[in-house]
Amino acid sequence: MLQLSHICKSYTTNAFTQVALDDVSLSFRDNEFVSILGPSGSGKTTMLNVIGGLDHFDGGDLLIDGISTREFRDRDWDAYRNNRIGFVFQSYNLIPHQTILANVELALTLSGVSAMERRDRAYQALVDVGLGEHVDKRPSQLSGGQMQRVAIARALINDPEILLADEPTGALDSHTSVQVMDLLREVASDRLVIMVTHNPDLAREYSTRIVELADGRICSDTNPFVPSPADMRTAKPAVRTSMGFLTALALSFNNLMTKKGRTLMTAFAGSIGIIGIAAILSLANGVNAYIQEVEEDTLSVYPLQIMSSGFDLTSMLVDTQTDQGEADDGQAVLGLEPFVGLGVLQFGGDVGHGGYLLLWWE
């Protein structure tokens with residue numbers, strides 16, 4: 001059982017706030033065909049998106065079998081949409097490069113169903129909507145009514161409890177609209193169908209309940225429902241969505257093969273980037289190797305040697321006093337004025353050839 005309790009939803013753009021749903025409370029039976037009517041901007045599609053988990057409410061609560069969704073995370077919403085909700089859109093939303101069988105089968109890829117079972121169930125769903133002879137055709141080869149029936153088959157393939165239809169006859173002629181509405185009424189015999197439409201005639205003819213909205217509020221309800229404790233049922237366990245690795249790989253490969261030109265251009269552009277990075281790294285490594293080789297060759301020709309040496313200052317002072325007489329004789333040669341000294345620093349060689357540096361101090 002589905003319940004909307006004081007749901008509020010608004011959209012803010014800069015300083016302008018548009019209220020889409022204003023304190024909406026509504027309960028739905030498990031088996032009924034509900035049509036939601038109202039002018040454009042009244043909040044019909046927003047309500048449908050909130051029920052389907054495509055949009056999140058700002059206030060209030062959405063109850064599913066008595067369980068609140070206020071604390072739902074993204075993964076919980078994914079499981080809810082995949083297992084309990086079926087969508088039928090006005091624009092069909094079919095993948096043009098796949099057959100209609102593959103389009104219907106795609107809805108089962110997140111349910112952990114084997115490839116053989118997926119194909120069998122998709123084929124049976126197309127047979128149920130009268131398209132068993134067109135399973136190998138692509139969407140572009142079908143009429144609008146046939147594409148809408150494909151969308152209904154895709155929505156029903158997971159056996160959802162709730163079917164949401166957003167203007168399912170908006171792009172169809174009157175004759176095809178009747179066929180689609182007959183199919184939806186048949187579907188509503190064992191599940192909840194909620195349809196948004198601008199056509200009051202179709203709503204009155206096929207629906208069991210009509211809800212009218214205006215300015216985000218409920219104006220009228222032809223068959224209101226107030227749930228009692230006896231109407232409550234045990235919630236079904238949520239089944240987590242998952243896609244097998246091989247399935248994801250096959251879908252990716254099919255998509256690449258369908259867009260060959262785009263795939264080649266993307267691969268070419270990517271290869272240019274990879275080749276450019278490889279060339280820059282190779283050039284940098286080559287320059288570094290050349291610099292290292294030049295350094296090694298240069299150091300091998302001009303070696304550097306580091307040696308340790310020391311001297312005894314006491315013996316140098318003694319030698320200075322002993323050789324003081326000889327230093328006096330050498331003053332003329334060096335052109336130095338004699339003065340009393342206490343030390344000498346010898347670098348080697350003979351006096352007269354610049355081998356001594358004599359320092360005196362008083």
# chains A, B, ... in the order shown; residues from 1 in each chain; ligands from 1
call {"tool": "closest_atom_pairs", "arguments": {"of": "range 174-226 of chain A", "to": "range 156-168 of chain A", "cutoff": "7 Å", "atoms": "only C-alpha atoms", "output": "JSON lines"}}
result
{"residue": "A:Arg191", "atom": "CA", "partner": "A:Glu161", "partner_atom": "CA", "distance": 5.5}
{"residue": "A:Leu192", "atom": "CA", "partner": "A:Ile162", "partner_atom": "CA", "distance": 4.8}
{"residue": "A:Val193", "atom": "CA", "partner": "A:Leu163", "partner_atom": "CA", "distance": 4.7}
{"residue": "A:Ile194", "atom": "CA", "partner": "A:Leu164", "partner_atom": "CA", "distance": 5.0}
{"residue": "A:Met195", "atom": "CA", "partner": "A:Ala165", "partner_atom": "CA", "distance": 4.6}
{"residue": "A:Val196", "atom": "CA", "partner": "A:Asp166", "partner_atom": "CA", "distance": 5.0}
{"residue": "A:Thr197", "atom": "CA", "partner": "A:Glu167", "partner_atom": "CA", "distance": 5.0}
call {"tool": "closest_atom_pairs", "arguments": {"of": "range 129-245 of chain A", "to": "range 14-24 of chain A", "cutoff": "10 Å", "atoms": "only C-alpha atoms", "output": "CSV"}}
result
residue,atom,partner,partner_atom,distance
A:Leu213,CA,A:Leu21,CA,9.3
A:Ala214,CA,A:Leu21,CA,9.4
A:Asp215,CA,A:Ala20,CA,7.1
A:Gly216,CA,A:Leu21,CA,4.1
A:Arg217,CA,A:Asp22,CA,5.7
A:Ile218,CA,A:Val24,CA,6.8
call {"tool": "write_last_selection", "arguments": {"atoms": "N, CA, C and O atoms", "output": "PDB file, in the first residue's frame"}}
result
ATOM      1  N   LEU A 213      -5.569  18.078  -9.297  1.00  0.00           N
ATOM      2  CA  LEU A 213      -4.626  18.960  -8.615  1.00  0.00           C
ATOM      3  C   LEU A 213      -4.719  20.363  -9.185  1.00  0.00           C
ATOM      4  O   LEU A 213      -5.010  20.548 -10.373  1.00  0.00           O
ATOM      5  N   ALA A 214      -4.438  21.350  -8.329  1.00  0.00           N
ATOM      6  CA  ALA A 214      -4.336  22.742  -8.762  1.00  0.00           C
ATOM      7  C   ALA A 214      -3.421  23.470  -7.792  1.00  0.00           C
ATOM      8  O   ALA A 214      -3.632  23.418  -6.565  1.00  0.00           O
ATOM      9  N   ASP A 215      -2.380  24.100  -8.344  1.00  0.00           N
ATOM     10  CA  ASP A 215      -1.420  24.850  -7.525  1.00  0.00           C
ATOM     11  C   ASP A 215      -0.807  23.993  -6.421  1.00  0.00           C
ATOM     12  O   ASP A 215      -0.568  24.458  -5.301  1.00  0.00           O
ATOM     13  N   GLY A 216      -0.547  22.719  -6.735  1.00  0.00           N
ATOM     14  CA  GLY A 216       0.116  21.843  -5.788  1.00  0.00           C
ATOM     15  C   GLY A 216      -0.761  21.284  -4.701  1.00  0.00           C
ATOM     16  O   GLY A 216      -0.261  20.643  -3.765  1.00  0.00           O
ATOM     17  N   ARG A 217      -2.062  21.483  -4.791  1.00  0.00           N
ATOM     18  CA  ARG A 217      -2.987  20.983  -3.783  1.00  0.00           C
ATOM     19  C   ARG A 217      -4.047  20.095  -4.427  1.00  0.00           C
ATOM     20  O   ARG A 217      -4.363  20.257  -5.600  1.00  0.00           O
ATOM     21  N   ILE A 218      -4.611  19.184  -3.641  1.00  0.00           N
ATOM     22  CA  ILE A 218      -5.666  18.303  -4.138  1.00  0.00           C
ATOM     23  C   ILE A 218      -7.002  19.045  -4.090  1.00  0.00           C
ATOM     24  O   ILE A 218      -7.440  19.500  -3.019  1.00  0.00           O
TER      25      ILE A 218
END
call {"tool": "closest_residue", "arguments": {"among": "A:Thr298, A:Ser35, A:Ser143, A:Ser189", "to": "Ser207 in chain A", "atoms": "only C-alpha atoms"}}
result
A:Ser35
call {"tool": "residues_around", "arguments": {"residues": "Asp190 in chain A", "least_positions_apart": "4", "cutoff": "9 Å", "atoms": "only C-alpha atoms", "output": "list in words"}}
result
Asp30, Asn31, Glu32, Glu161 and Glu186 of chain A
call {"tool": "write_last_selection", "arguments": {"atoms": "N, CA and C atoms", "output": "PDB file, in the first residue's frame"}}
result
ATOM      1  N   ASP A  30      -4.191  -1.158  -3.403  1.00  0.00           N
ATOM      2  CA  ASP A  30      -3.235  -2.016  -4.096  1.00  0.00           C
ATOM      3  C   ASP A  30      -3.648  -2.290  -5.536  1.00  0.00           C
ATOM      4  N   ASN A  31      -4.963  -2.335  -5.802  1.00  0.00           N
ATOM      5  CA  ASN A  31      -5.461  -2.597  -7.157  1.00  0.00           C
ATOM      6  C   ASN A  31      -6.465  -1.516  -7.542  1.00  0.00           C
ATOM      7  N   GLU A  32      -6.025  -0.562  -8.307  1.00  0.00           N
ATOM      8  CA  GLU A  32      -6.918   0.457  -8.836  1.00  0.00           C
ATOM      9  C   GLU A  32      -6.218   1.227  -9.945  1.00  0.00           C
ATOM     10  N   GLU A 161       4.728  -3.739  -8.540  1.00  0.00           N
ATOM     11  CA  GLU A 161       3.467  -3.565  -7.834  1.00  0.00           C
ATOM     12  C   GLU A 161       2.758  -2.280  -8.261  1.00  0.00           C
ATOM     13  N   GLU A 186      -6.244  -3.290 -18.420  1.00  0.00           N
ATOM     14  CA  GLU A 186      -6.015  -4.709 -18.173  1.00  0.00           C
ATOM     15  C   GLU A 186      -4.908  -4.921 -17.141  1.00  0.00           C
TER      16      GLU A 186
END
